file data37.csv (CSV, C-alpha atoms and all ligand atoms)
chain,number,residue,atom,x,y,z
A,1,MET,CA,-28.2,37.6,78.8
A,2,PRO,CA,-25.7,40.4,78.0
A,3,GLU,CA,-27.6,43.7,77.5
A,4,LEU,CA,-26.4,46.9,75.9
A,5,PRO,CA,-23.8,47.9,78.6
A,6,GLU,CA,-22.3,44.4,78.6
A,7,VAL,CA,-22.2,44.3,74.8
A,8,GLU,CA,-20.7,47.8,74.7
A,9,THR,CA,-18.0,46.8,77.2
A,10,ILE,CA,-17.1,43.7,75.1
A,11,VAL,CA,-17.0,45.9,71.9
A,12,ASN,CA,-14.7,48.4,73.5
A,13,GLY,CA,-12.3,45.7,74.7
A,14,LEU,CA,-12.2,44.0,71.3
A,15,HIS,CA,-11.8,47.2,69.4
A,16,ALA,CA,-8.8,48.2,71.5
A,17,GLU,CA,-7.2,44.8,71.2
A,18,PHE,CA,-7.9,43.9,67.5
A,19,LYS,CA,-8.4,47.0,65.5
A,20,GLY,CA,-6.2,47.0,62.3
A,21,LYS,CA,-5.2,43.3,62.8
A,22,ARG,CA,-5.3,41.1,59.7
A,23,LEU,CA,-7.6,38.0,59.9
A,24,GLU,CA,-5.5,34.9,59.1
A,25,LYS,CA,-7.8,31.9,60.0
A,26,ILE,CA,-11.3,31.1,61.2
A,27,GLU,CA,-11.9,27.9,63.1
A,28,VAL,CA,-15.5,26.8,63.3
A,29,SER,CA,-16.1,23.9,65.8
A,30,ASP,CA,-19.8,24.4,65.8
A,31,PRO,CA,-21.4,25.3,62.5
A,32,THR,CA,-24.9,25.4,64.0
A,33,LEU,CA,-24.1,28.9,65.2
A,34,LEU,CA,-23.7,30.2,61.6
A,35,ARG,CA,-26.8,31.8,60.1
A,36,ASN,CA,-27.1,32.5,56.4
A,37,THR,CA,-23.3,31.9,55.9
A,38,SER,CA,-20.8,29.0,55.9
A,39,GLU,CA,-17.2,28.6,57.0
A,40,GLU,CA,-16.3,28.5,53.3
A,41,GLU,CA,-18.0,31.8,52.4
A,42,MET,CA,-16.5,33.5,55.5
A,43,GLY,CA,-13.1,32.3,54.4
A,44,LYS,CA,-13.5,33.7,50.9
A,45,ARG,CA,-14.9,37.0,52.0
A,46,ILE,CA,-13.0,38.1,55.0
A,47,ILE,CA,-9.7,36.1,55.5
A,48,GLY,CA,-6.8,38.3,54.6
A,49,SER,CA,-8.8,41.5,55.5
A,50,ASP,CA,-7.9,43.9,58.3
A,51,LEU,CA,-10.5,44.2,61.1
A,52,LYS,CA,-11.5,47.8,60.6
A,53,ARG,CA,-13.7,48.4,63.6
A,54,VAL,CA,-15.7,46.6,66.3
A,55,THR,CA,-19.1,48.2,66.9
A,56,ARG,CA,-22.4,47.5,68.4
A,57,ARG,CA,-26.0,47.5,67.1
A,58,GLY,CA,-28.5,46.7,69.8
A,59,LYS,CA,-27.2,43.6,71.5
A,60,TYR,CA,-25.2,42.6,68.4
A,61,ILE,CA,-21.4,42.8,68.3
A,62,VAL,CA,-20.3,43.8,64.8
A,63,LEU,CA,-16.9,43.2,63.3
A,64,LYS,CA,-16.3,45.3,60.2
A,65,PHE,CA,-13.8,43.9,57.7
A,66,SER,CA,-14.8,46.1,54.8
A,67,ASP,CA,-17.6,48.3,53.6
A,68,GLU,CA,-19.3,45.2,52.4
A,69,ASP,CA,-18.3,42.6,55.0
A,70,PHE,CA,-19.7,42.7,58.5
A,71,VAL,CA,-19.8,39.8,61.0
A,72,ALA,CA,-22.7,40.2,63.5
A,73,ILE,CA,-22.5,38.1,66.6
A,74,HIS,CA,-25.3,37.7,69.2
A,75,LEU,CA,-24.3,36.0,72.4
A,76,ARG,CA,-27.8,35.2,73.7
A,77,MET,CA,-27.7,33.3,77.0
A,78,SER,CA,-24.4,32.7,78.8
A,79,GLY,CA,-22.3,33.4,75.7
A,80,ARG,CA,-18.9,35.1,75.9
A,81,LEU,CA,-16.6,36.6,73.3
A,82,LEU,CA,-13.0,36.4,74.6
A,83,ALA,CA,-9.6,37.6,73.6
A,84,LEU,CA,-7.5,34.6,74.3
A,85,ASP,CA,-3.9,33.4,73.7
A,86,PRO,CA,-4.2,31.4,70.4
A,87,LYS,CA,-2.7,28.4,72.1
A,88,ASP,CA,-5.4,28.3,74.8
A,89,SER,CA,-8.9,26.9,74.4
A,90,ALA,CA,-12.1,28.2,76.0
A,91,GLU,CA,-14.3,25.6,77.7
A,92,HIS,CA,-17.0,25.7,75.1
A,93,GLU,CA,-15.2,27.1,72.1
A,94,ARG,CA,-17.5,27.4,69.1
A,95,ILE,CA,-15.8,29.7,66.6
A,96,SER,CA,-12.4,31.4,66.7
A,97,PHE,CA,-10.8,34.2,64.7
A,98,TYR,CA,-7.0,34.1,64.4
A,99,PHE,CA,-5.0,37.2,63.4
A,100,ALA,CA,-1.6,37.5,61.8
A,101,ASP,CA,1.3,38.6,64.0
A,102,HIS,CA,-1.0,38.9,67.0
A,103,ASN,CA,-0.8,37.1,70.3
A,104,LYS,CA,-4.6,37.0,70.8
A,105,LYS,CA,-7.5,35.3,69.0
A,106,ILE,CA,-11.3,36.2,69.3
A,107,THR,CA,-13.2,33.2,70.6
A,108,MET,CA,-16.9,32.6,70.9
A,109,ASP,CA,-17.4,30.6,74.0
A,110,ASN,CA,-21.0,29.5,74.2
A,111,THR,CA,-22.1,26.9,76.8
A,112,ARG,CA,-25.6,26.6,75.6
A,113,ARG,CA,-25.0,26.9,71.9
A,114,LEU,CA,-27.6,29.6,71.5
A,115,GLY,CA,-25.4,32.3,70.1
A,116,THR,CA,-25.5,33.3,66.4
A,117,LEU,CA,-23.1,34.6,63.8
A,118,ASP,CA,-24.3,36.3,60.6
A,119,LEU,CA,-22.2,37.6,57.7
A,120,LEU,CA,-23.7,40.8,56.3
A,121,LYS,CA,-23.1,43.0,53.3
A,122,THR,CA,-24.6,46.1,55.0
A,123,LEU,CA,-25.7,47.1,58.5
A,124,ASP,CA,-29.3,47.2,57.2
A,125,ASP,CA,-29.3,43.5,56.4
A,126,GLU,CA,-31.3,41.0,58.3
A,127,PRO,CA,-31.2,40.6,61.4
A,128,LEU,CA,-30.1,44.2,62.0
A,129,ASP,CA,-32.7,45.7,59.7
A,130,SER,CA,-35.6,45.2,62.1
A,131,LEU,CA,-33.9,46.7,65.2
A,132,GLY,CA,-35.6,49.7,66.8
A,133,LEU,CA,-34.3,53.0,68.3
A,134,GLU,CA,-30.7,53.0,69.4
A,135,PRO,CA,-30.4,54.9,72.8
A,136,PHE,CA,-27.0,56.5,72.0
A,137,ALA,CA,-27.6,57.3,68.3
A,138,ASP,CA,-28.7,60.7,66.7
A,139,GLU,CA,-32.0,59.1,65.9
A,140,TYR,CA,-32.8,58.9,69.7
A,141,THR,CA,-35.0,62.0,69.7
A,142,TRP,CA,-38.1,62.8,71.7
A,143,GLU,CA,-40.2,62.5,68.6
A,144,ASN,CA,-39.0,59.0,67.7
A,145,PHE,CA,-39.1,58.0,71.4
A,146,ASN,CA,-42.8,58.9,71.6
A,147,GLU,CA,-43.6,56.5,68.8
A,148,ILE,CA,-42.6,53.4,70.7
A,149,PHE,CA,-45.5,53.9,73.2
A,150,PHE,CA,-48.3,53.4,70.6
A,151,THR,CA,-49.4,50.0,72.0
A,152,THR,CA,-51.6,48.5,74.6
A,153,ARG,CA,-48.8,46.2,75.8
A,154,PRO,CA,-47.3,46.9,79.2
A,155,VAL,CA,-44.5,49.4,79.3
A,156,LYS,CA,-42.0,46.8,80.6
A,157,VAL,CA,-42.8,44.5,77.7
A,158,LEU,CA,-42.4,47.3,75.1
A,159,LEU,CA,-39.0,48.3,76.6
A,160,LEU,CA,-37.8,44.8,76.0
A,161,ASP,CA,-39.1,44.7,72.4
A,162,GLN,CA,-35.8,45.1,70.4
A,163,ASN,CA,-37.8,46.2,67.3
A,164,ARG,CA,-39.0,49.3,69.2
A,165,ILE,CA,-36.0,50.2,71.3
A,166,THR,CA,-32.7,48.2,71.3
A,167,GLY,CA,-30.4,47.2,74.0
A,168,LEU,CA,-32.6,46.8,77.1
A,169,GLY,CA,-33.2,43.5,78.8
A,170,ASN,CA,-34.7,42.4,82.0
A,171,ILE,CA,-32.1,44.0,84.3
A,172,TYR,CA,-32.0,47.5,82.9
A,173,ALA,CA,-35.7,47.7,82.1
A,174,SER,CA,-36.5,46.9,85.7
A,175,GLU,CA,-34.0,49.4,87.1
A,176,ILE,CA,-35.1,52.2,84.7
A,177,LEU,CA,-38.8,51.7,85.5
A,178,PHE,CA,-38.0,51.8,89.2
A,179,ARG,CA,-36.0,55.0,88.9
A,180,ALA,CA,-38.8,56.5,86.8
A,181,GLY,CA,-41.3,55.5,89.6
A,182,LEU,CA,-43.4,53.9,86.9
A,183,ASP,CA,-45.8,50.9,87.1
A,184,PRO,CA,-44.3,48.3,84.7
A,185,THR,CA,-47.7,46.9,83.9
A,186,LYS,CA,-49.1,50.2,82.7
A,187,PRO,CA,-50.1,50.0,79.0
A,188,GLY,CA,-47.7,51.9,76.7
A,189,GLU,CA,-50.4,54.2,75.4
A,190,GLU,CA,-51.4,55.2,79.0
A,191,VAL,CA,-47.9,56.3,80.0
A,192,SER,CA,-48.1,60.1,80.6
A,193,GLU,CA,-46.0,62.7,78.8
A,194,GLU,CA,-44.3,63.4,82.2
A,195,GLU,CA,-43.5,59.7,82.7
A,196,LYS,CA,-42.2,59.4,79.1
A,197,LYS,CA,-39.9,62.3,79.6
A,198,ARG,CA,-38.4,60.7,82.7
A,199,LEU,CA,-37.8,57.4,80.8
A,200,PHE,CA,-36.3,59.4,77.8
A,201,THR,CA,-33.7,60.8,80.2
A,202,LEU,CA,-33.2,57.8,82.4
A,203,ILE,CA,-32.6,55.2,79.6
A,204,PRO,CA,-29.3,56.6,78.4
A,205,ARG,CA,-28.3,57.7,81.9
A,206,VAL,CA,-28.7,54.3,83.5
A,207,LEU,CA,-27.0,52.6,80.5
A,208,THR,CA,-24.1,55.0,80.8
A,209,GLU,CA,-23.7,54.4,84.5
A,210,ALA,CA,-23.6,50.6,83.7
A,211,ILE,CA,-21.1,51.0,80.9
A,212,ASN,CA,-18.9,53.0,83.2
A,213,ASN,CA,-19.0,50.0,85.6
A,214,LYS,CA,-18.3,47.6,82.7
A,215,GLY,CA,-21.8,46.0,83.0
A,216,THR,CA,-23.5,43.8,85.5
A,217,THR,CA,-22.2,40.3,86.5
A,218,LEU,CA,-24.9,38.3,88.2
A,219,ASN,CA,-24.1,34.9,86.8
A,220,ASP,CA,-21.5,34.3,84.2
A,221,TYR,CA,-21.1,37.6,82.2
A,222,GLN,CA,-17.5,38.5,81.6
A,223,ASP,CA,-15.9,41.1,79.2
A,224,SER,CA,-13.5,40.1,76.4
A,225,SER,CA,-10.6,39.9,78.9
A,226,GLY,CA,-12.5,37.7,81.3
A,227,GLU,CA,-13.2,40.4,83.8
A,228,SER,CA,-16.6,40.8,85.6
A,229,GLY,CA,-18.6,44.0,85.7
A,230,SER,CA,-19.5,45.9,88.9
A,231,PHE,CA,-22.9,47.5,88.2
A,232,GLN,CA,-24.5,44.7,90.2
A,233,ASP,CA,-23.4,46.7,93.3
A,234,PHE,CA,-25.6,49.5,92.2
A,235,LEU,CA,-28.8,47.6,91.3
A,236,ARG,CA,-31.8,48.9,93.3
A,237,VAL,CA,-34.5,46.3,92.6
A,238,TYR,CA,-33.4,43.7,90.1
A,239,GLY,CA,-32.9,40.3,91.9
A,240,LYS,CA,-33.9,41.9,95.3
A,241,GLU,CA,-37.3,40.2,95.8
A,242,GLY,CA,-38.3,40.3,99.5
A,243,GLY,CA,-35.6,42.9,100.4
A,244,PRO,CA,-36.3,46.5,101.3
A,245,CYS,CA,-36.8,49.3,98.7
A,246,PRO,CA,-33.8,51.6,98.9
A,247,GLU,CA,-36.1,54.6,98.6
A,248,CYS,CA,-39.0,53.8,101.0
A,249,GLY,CA,-38.3,50.5,102.7
A,250,ALA,CA,-41.3,48.7,101.3
A,251,GLU,CA,-40.8,45.0,100.3
A,252,ILE,CA,-39.6,44.5,96.7
A,253,VAL,CA,-41.8,42.3,94.6
A,254,ARG,CA,-41.1,40.0,91.6
A,255,ILE,CA,-43.8,39.6,89.0
A,256,GLU,CA,-43.9,37.8,85.7
A,257,GLN,CA,-44.5,39.6,82.4
A,258,GLY,CA,-44.4,37.7,79.2
A,259,GLY,CA,-42.6,34.9,80.9
A,260,ARG,CA,-39.8,37.2,82.3
A,261,SER,CA,-39.3,38.5,85.8
A,262,THR,CA,-39.9,42.1,86.6
A,263,PHE,CA,-38.7,43.5,90.0
A,264,LEU,CA,-40.5,46.5,91.5
A,265,CYS,CA,-41.4,48.5,94.6
A,266,PRO,CA,-45.2,48.5,94.9
A,267,ASN,CA,-45.1,51.8,96.8
A,268,CYS,CA,-42.7,53.9,94.7
A,269,GLN,CA,-44.1,52.5,91.4
A,270,ASP,CA,-47.8,52.7,92.4
A,271,TRP,CA,-48.4,49.0,91.6
A,272,ASP,CA,-51.0,46.6,93.0
A,273,ASP,CA,-51.8,43.1,91.9
A,274,ASP,CA,-55.3,43.5,90.7
B,1,ZN,ZN,-40.1,52.1,97.3
call {"tool": "encode", "arguments": {"input": "data37.csv", "output": "structure tokens"}}
result
Amino acid sequence: MPELPEVETIVNGLHAEFKGKRLEKIEVSDPTLLRNTSEEEMGKRIIGSDLKRVTRRGKYIVLKFSDEDFVAIHLRMSGRLLALDPKDSAEHERISFYFADHNKKITMDNTRRLGTLDLLKTLDDEPLDSLGLEPFADEYTWENFNEIFFTTRPVKVLLLDQNRITGLGNIYASEILFRAGLDPTKPGEEVSEEEKKRLFTLIPRVLTEAINNKGTTLNDYQDSSGESGSFQDFLRVYGKEGGPCPECGAEIVRIEQGGRSTFLCPNCQDWDDD
């Protein structure tokens, strides 16, 4: 699933390509991806408007057409948002936005039909309203960060909870906890001040490194121009079960937490299985 760096890379590509272009037509081949809106409502509200800005909130890609019209797209698993020649078709084309006098369209290409599209009046509408702390926003302060730890749930699980902190998924949560030398199973409320400070610094740092590498491509992630990311070359533990820890050489272990894989070094992260 695309995480914050992959979504940010898609957003940057789309903003550069489509900012200021006038929306001419929307083609919906799969209406099941539309939530709380219809093709007809979208047509009435946004066709004929200029795309003002492409931004991101958590893992949502947000197309702003006016101060009261925002399209929020979530790609879920194996979804892509591509800038294509209007004459070309993506393999699993679900929804496409065509622009006047422009040689590209925005196409939602979703193999597994799990993506979603919402049309919102404000950025505080559902589903964006429940999202937690944004790692690159002004609200990302030490005081606010501290609050996400008031839980008995394991620190890895709380880092994935989009209502506490947004943007992290399995890959970056595993990498950040490894760099922090922190046991992913430690309950949130037992994480020390020192460990929290490390996480507070490492979260934006690792995400920035990944954005600079245009994200991580392990399976099918591509940016809006169909390019792969390169941060997979810099992963230290994610997907490296059985291999040596880059710090100490101990064998990297994969555990399951909440049905998701966590990769860790038992030695560097002071973890044992009882
Ligand atoms: Zn190690």
call {"tool": "closest_residue", "arguments": {"input": "data37.csv", "among": "A:Gly169, A:Gly249, A:Gly79, A:Gly229", "to": "Ile211 of chain A", "atoms": "only C-alpha atoms"}}
result
A:Gly229
call {"tool": "closest_residue", "arguments": {"input": "data37.csv", "among": "A:Asp85, A:Thr166, A:Phe231, A:Cys265", "to": "Gly243 of chain A", "atoms": "all atoms listed in the file"}}
result
A:Cys265
call {"tool": "atom_distance", "arguments": {"input": "data37.csv", "atom1": "atom CA of Gly242 of chain A", "atom2": "atom CA of Ile176 of chain A"}}
result
19.3 Å
call {"tool": "closest_residue", "arguments": {"input": "data37.csv", "among": "A:Met42, A:Asp223, A:Leu182, A:Leu123", "to": "Asn12 of chain A", "atoms": "only C-alpha atoms"}}
result
A:Asp223
call {"tool": "residues_near_ligand", "arguments": {"input": "data37.csv", "ligand": "ligand ZN 1 (chain B)", "cutoff": "9 Å", "atoms": "all atoms listed in the file", "output": "list in words"}}
result
Phe178, Gly181, Pro244, Cys245, Pro246, Glu247, Cys248, Gly249, Ala250, Glu251, Ile252, Leu264, Cys265, Pro266, Asn267, Cys268 and Gln269 of chain A
call {"tool": "atom_distance", "arguments": {"input": "data37.csv", "atom1": "atom CA of Ser230 of chain A", "atom2": "atom CA of Phe263 of chain A"}}
result
19.4 Å
call {"tool": "closest_residue", "arguments": {"input": "data37.csv", "among": "A:Leu168, A:Ala100, A:Ile106, A:Ala72", "to": "Arg22 of chain A", "atoms": "all atoms listed in the file"}}
result
A:Ala100
call {"tool": "closest_atom_pairs", "arguments": {"input": "data37.csv", "of": "segment 65-133 of chain A", "to": "segment 31-40 of chain A", "cutoff": "6 Å", "atoms": "only C-alpha atoms", "output": "Markdown table"}}
result
| residue | atom | partner | partner_atom | distance |
| --- | --- | --- | --- | --- |
| A:Thr116 | CA | A:Leu33 | CA | 4.8 |
| A:Leu117 | CA | A:Leu34 | CA | 5.0 |
| A:Asp118 | CA | A:Arg35 | CA | 5.2 |
call {"tool": "closest_residue", "arguments": {"input": "data37.csv", "among": "A:Thr55, A:Asn163, A:Gln232, A:Thr201", "to": "Ser130 of chain A", "atoms": "only C-alpha atoms"}}
result
A:Asn163
call {"tool": "atom_distance", "arguments": {"input": "data37.csv", "atom1": "atom CA of Lys44 of chain A", "atom2": "atom CA of Glu68 of chain A"}}
result
13.0 Å
call {"tool": "closest_residue", "arguments": {"input": "data37.csv", "among": "A:Lys197, A:Lys121, A:Arg112, A:Arg254", "to": "Leu75 of chain A", "atoms": "all atoms listed in the file"}}
result
A:Arg112
call {"tool": "residues_near_point", "arguments": {"input": "data37.csv", "point": "(-6.7, 32.8, 61.5)", "cutoff": "6 Å", "atoms": "only C-alpha atoms", "output": "list in words"}}
result
Leu23, Glu24, Lys25, Ile26, Phe97, Tyr98 and Phe99 of chain A
call {"tool": "residues_around", "arguments": {"input": "data37.csv", "residues": "Arg80 of chain A", "least_positions_apart": "5", "cutoff": "12 Å", "atoms": "all atoms listed in the file", "output": "compact mmCIF listing (two decimals) with C-alpha atoms, in the frame of the given file"}}
result
# COMPACT_ATOMS: atom_id res chain seq x y z
CA MET A 1 -28.20 37.60 78.80
CA PRO A 2 -25.70 40.40 78.00
CA GLU A 6 -22.30 44.40 78.60
CA VAL A 7 -22.20 44.30 74.80
CA THR A 9 -18.00 46.80 77.20
CA ILE A 10 -17.10 43.70 75.10
CA VAL A 11 -17.00 45.90 71.90
CA ILE A 61 -21.40 42.80 68.30
CA ILE A 73 -22.50 38.10 66.60
CA HIS A 74 -25.30 37.70 69.20
CA LEU A 75 -24.30 36.00 72.40
CA ALA A 90 -12.10 28.20 76.00
CA GLU A 91 -14.30 25.60 77.70
CA HIS A 92 -17.00 25.70 75.10
CA GLU A 93 -15.20 27.10 72.10
CA ARG A 94 -17.50 27.40 69.10
CA ILE A 95 -15.80 29.70 66.60
CA SER A 96 -12.40 31.40 66.70
CA ILE A 106 -11.30 36.20 69.30
CA THR A 107 -13.20 33.20 70.60
CA MET A 108 -16.90 32.60 70.90
CA ASP A 109 -17.40 30.60 74.00
CA ASN A 110 -21.00 29.50 74.20
CA THR A 111 -22.10 26.90 76.80
CA ARG A 112 -25.60 26.60 75.60
CA ARG A 113 -25.00 26.90 71.90
CA LEU A 114 -27.60 29.60 71.50
CA GLY A 115 -25.40 32.30 70.10
CA THR A 116 -25.50 33.30 66.40
CA ASP A 220 -21.50 34.30 84.20
CA TYR A 221 -21.10 37.60 82.20
CA GLN A 222 -17.50 38.50 81.60
CA ASP A 223 -15.90 41.10 79.20
CA SER A 224 -13.50 40.10 76.40
CA SER A 225 -10.60 39.90 78.90
CA GLY A 226 -12.50 37.70 81.30
CA GLU A 227 -13.20 40.40 83.80
CA SER A 228 -16.60 40.80 85.60
call {"tool": "residues_around", "arguments": {"input": "data37.csv", "residues": "Lys196 of chain A", "least_positions_apart": "6", "cutoff": "12 Å", "atoms": "all atoms listed in the file", "output": "list of chain:residue names"}}
result
A:Trp142, A:Glu143, A:Asn144, A:Phe145, A:Asn146, A:Glu147, A:Ile148, A:Phe149, A:Val155, A:Leu159, A:Ile176, A:Leu177, A:Ala180, A:Gly181, A:Leu182, A:Gly188, A:Glu189, A:Glu190, A:Leu202, A:Ile203
call {"tool": "residues_around", "arguments": {"input": "data37.csv", "residues": "Ser261 of chain A", "least_positions_apart": "5", "cutoff": "12 Å", "atoms": "only C-alpha atoms", "output": "count of residues only"}}
result
19
call {"tool": "residues_around", "arguments": {"input": "data37.csv", "residues": "Phe136 of chain A", "least_positions_apart": "5", "cutoff": "10 Å", "atoms": "all atoms listed in the file", "output": "PDB file with C-alpha atoms, in the coordinates of the input"}}
result
ATOM      1  CA  THR A 141     -35.000  62.000  69.700  1.00  0.00           C
ATOM      2  CA  ILE A 203     -32.600  55.200  79.600  1.00  0.00           C
ATOM      3  CA  PRO A 204     -29.300  56.600  78.400  1.00  0.00           C
ATOM      4  CA  LEU A 207     -27.000  52.600  80.500  1.00  0.00           C
ATOM      5  CA  THR A 208     -24.100  55.000  80.800  1.00  0.00           C
TER       6      THR A 208
END
call {"tool": "build_atoms", "arguments": {"input": "data37.csv", "residues": "segment 113-140 of chain A", "atoms": "N, CA and C atoms", "output": "mmCIF file, in the coordinates of the input"}}
result
data_model
loop_
_atom_site.group_PDB
_atom_site.id
_atom_site.type_symbol
_atom_site.label_atom_id
_atom_site.label_comp_id
_atom_site.auth_asym_id
_atom_site.auth_seq_id
_atom_site.Cartn_x
_atom_site.Cartn_y
_atom_site.Cartn_z
ATOM 1 N N ARG A 113 -24.877 26.947 73.363
ATOM 2 C CA ARG A 113 -25.000 26.900 71.900
ATOM 3 C C ARG A 113 -26.136 27.725 71.349
ATOM 4 N N LEU A 114 -26.461 28.836 72.016
ATOM 5 C CA LEU A 114 -27.600 29.600 71.500
ATOM 6 C C LEU A 114 -27.145 30.879 70.793
ATOM 7 N N GLY A 115 -25.852 31.153 70.799
ATOM 8 C CA GLY A 115 -25.400 32.300 70.100
ATOM 9 C C GLY A 115 -25.526 32.194 68.596
ATOM 10 N N THR A 116 -25.393 33.321 67.885
ATOM 11 C CA THR A 116 -25.500 33.300 66.400
ATOM 12 C C THR A 116 -24.417 34.149 65.796
ATOM 13 N N LEU A 117 -24.060 33.793 64.557
ATOM 14 C CA LEU A 117 -23.100 34.600 63.800
ATOM 15 C C LEU A 117 -23.696 34.771 62.376
ATOM 16 N N ASP A 118 -23.836 36.029 61.938
ATOM 17 C CA ASP A 118 -24.300 36.300 60.600
ATOM 18 C C ASP A 118 -23.196 37.085 59.843
ATOM 19 N N LEU A 119 -23.069 36.822 58.552
ATOM 20 C CA LEU A 119 -22.200 37.600 57.700
ATOM 21 C C LEU A 119 -23.017 38.490 56.814
ATOM 22 N N LEU A 120 -22.832 39.813 56.938
ATOM 23 C CA LEU A 120 -23.700 40.800 56.300
ATOM 24 C C LEU A 120 -22.965 41.602 55.243
ATOM 25 N N LYS A 121 -23.723 42.125 54.263
ATOM 26 C CA LYS A 121 -23.100 43.000 53.300
ATOM 27 C C LYS A 121 -23.299 44.501 53.731
ATOM 28 N N THR A 122 -24.394 44.772 54.457
ATOM 29 C CA THR A 122 -24.600 46.100 55.000
ATOM 30 C C THR A 122 -25.164 46.007 56.396
ATOM 31 N N LEU A 123 -25.150 47.125 57.091
ATOM 32 C CA LEU A 123 -25.700 47.100 58.500
ATOM 33 C C LEU A 123 -27.204 47.195 58.471
ATOM 34 N N ASP A 124 -27.805 47.265 57.261
ATOM 35 C CA ASP A 124 -29.300 47.200 57.200
ATOM 36 C C ASP A 124 -29.792 45.878 56.762
ATOM 37 N N ASP A 125 -28.897 44.880 56.686
ATOM 38 C CA ASP A 125 -29.300 43.500 56.400
ATOM 39 C C ASP A 125 -29.996 42.878 57.573
ATOM 40 N N GLU A 126 -30.803 41.856 57.286
ATOM 41 C CA GLU A 126 -31.300 41.000 58.300
ATOM 42 C C GLU A 126 -30.138 40.401 59.111
ATOM 43 N N PRO A 127 -30.131 40.295 60.409
ATOM 44 C CA PRO A 127 -31.200 40.600 61.400
ATOM 45 C C PRO A 127 -31.162 42.015 61.927
ATOM 46 N N LEU A 128 -30.228 42.859 61.449
ATOM 47 C CA LEU A 128 -30.100 44.200 62.000
ATOM 48 C C LEU A 128 -31.209 45.134 61.545
ATOM 49 N N ASP A 129 -31.809 44.801 60.391
ATOM 50 C CA ASP A 129 -32.700 45.700 59.700
ATOM 51 C C ASP A 129 -33.988 46.018 60.573
ATOM 52 N N SER A 130 -34.392 45.047 61.412
ATOM 53 C CA SER A 130 -35.600 45.200 62.100
ATOM 54 C C SER A 130 -35.432 45.899 63.518
ATOM 55 N N LEU A 131 -34.184 46.170 63.878
ATOM 56 C CA LEU A 131 -33.900 46.700 65.200
ATOM 57 C C LEU A 131 -34.459 48.136 65.347
ATOM 58 N N GLY A 132 -34.956 48.444 66.528
ATOM 59 C CA GLY A 132 -35.600 49.700 66.800
ATOM 60 C C GLY A 132 -34.557 50.807 67.200
ATOM 61 N N LEU A 133 -35.086 51.785 67.912
ATOM 62 C CA LEU A 133 -34.300 53.000 68.300
ATOM 63 C C LEU A 133 -33.097 52.621 69.141
ATOM 64 N N GLU A 134 -31.981 53.231 68.766
ATOM 65 C CA GLU A 134 -30.700 53.000 69.400
ATOM 66 C C GLU A 134 -30.467 54.130 70.444
ATOM 67 N N PRO A 135 -30.400 53.815 71.756
ATOM 68 C CA PRO A 135 -30.400 54.900 72.800
ATOM 69 C C PRO A 135 -29.229 55.883 72.710
ATOM 70 N N PHE A 136 -28.124 55.540 72.031
ATOM 71 C CA PHE A 136 -27.000 56.500 72.000
ATOM 72 C C PHE A 136 -26.834 57.087 70.551
ATOM 73 N N ALA A 137 -27.783 56.829 69.653
ATOM 74 C CA ALA A 137 -27.600 57.300 68.300
ATOM 75 C C ALA A 137 -28.347 58.685 68.129
ATOM 76 N N ASP A 138 -28.031 59.376 67.022
ATOM 77 C CA ASP A 138 -28.700 60.700 66.700
ATOM 78 C C ASP A 138 -30.188 60.509 66.585
ATOM 79 N N GLU A 139 -30.614 59.302 66.162
ATOM 80 C CA GLU A 139 -32.000 59.100 65.900
ATOM 81 C C GLU A 139 -32.816 59.005 67.273
ATOM 82 N N TYR A 140 -32.096 58.976 68.384
ATOM 83 C CA TYR A 140 -32.800 58.900 69.700
ATOM 84 C C TYR A 140 -33.255 60.344 70.027
#
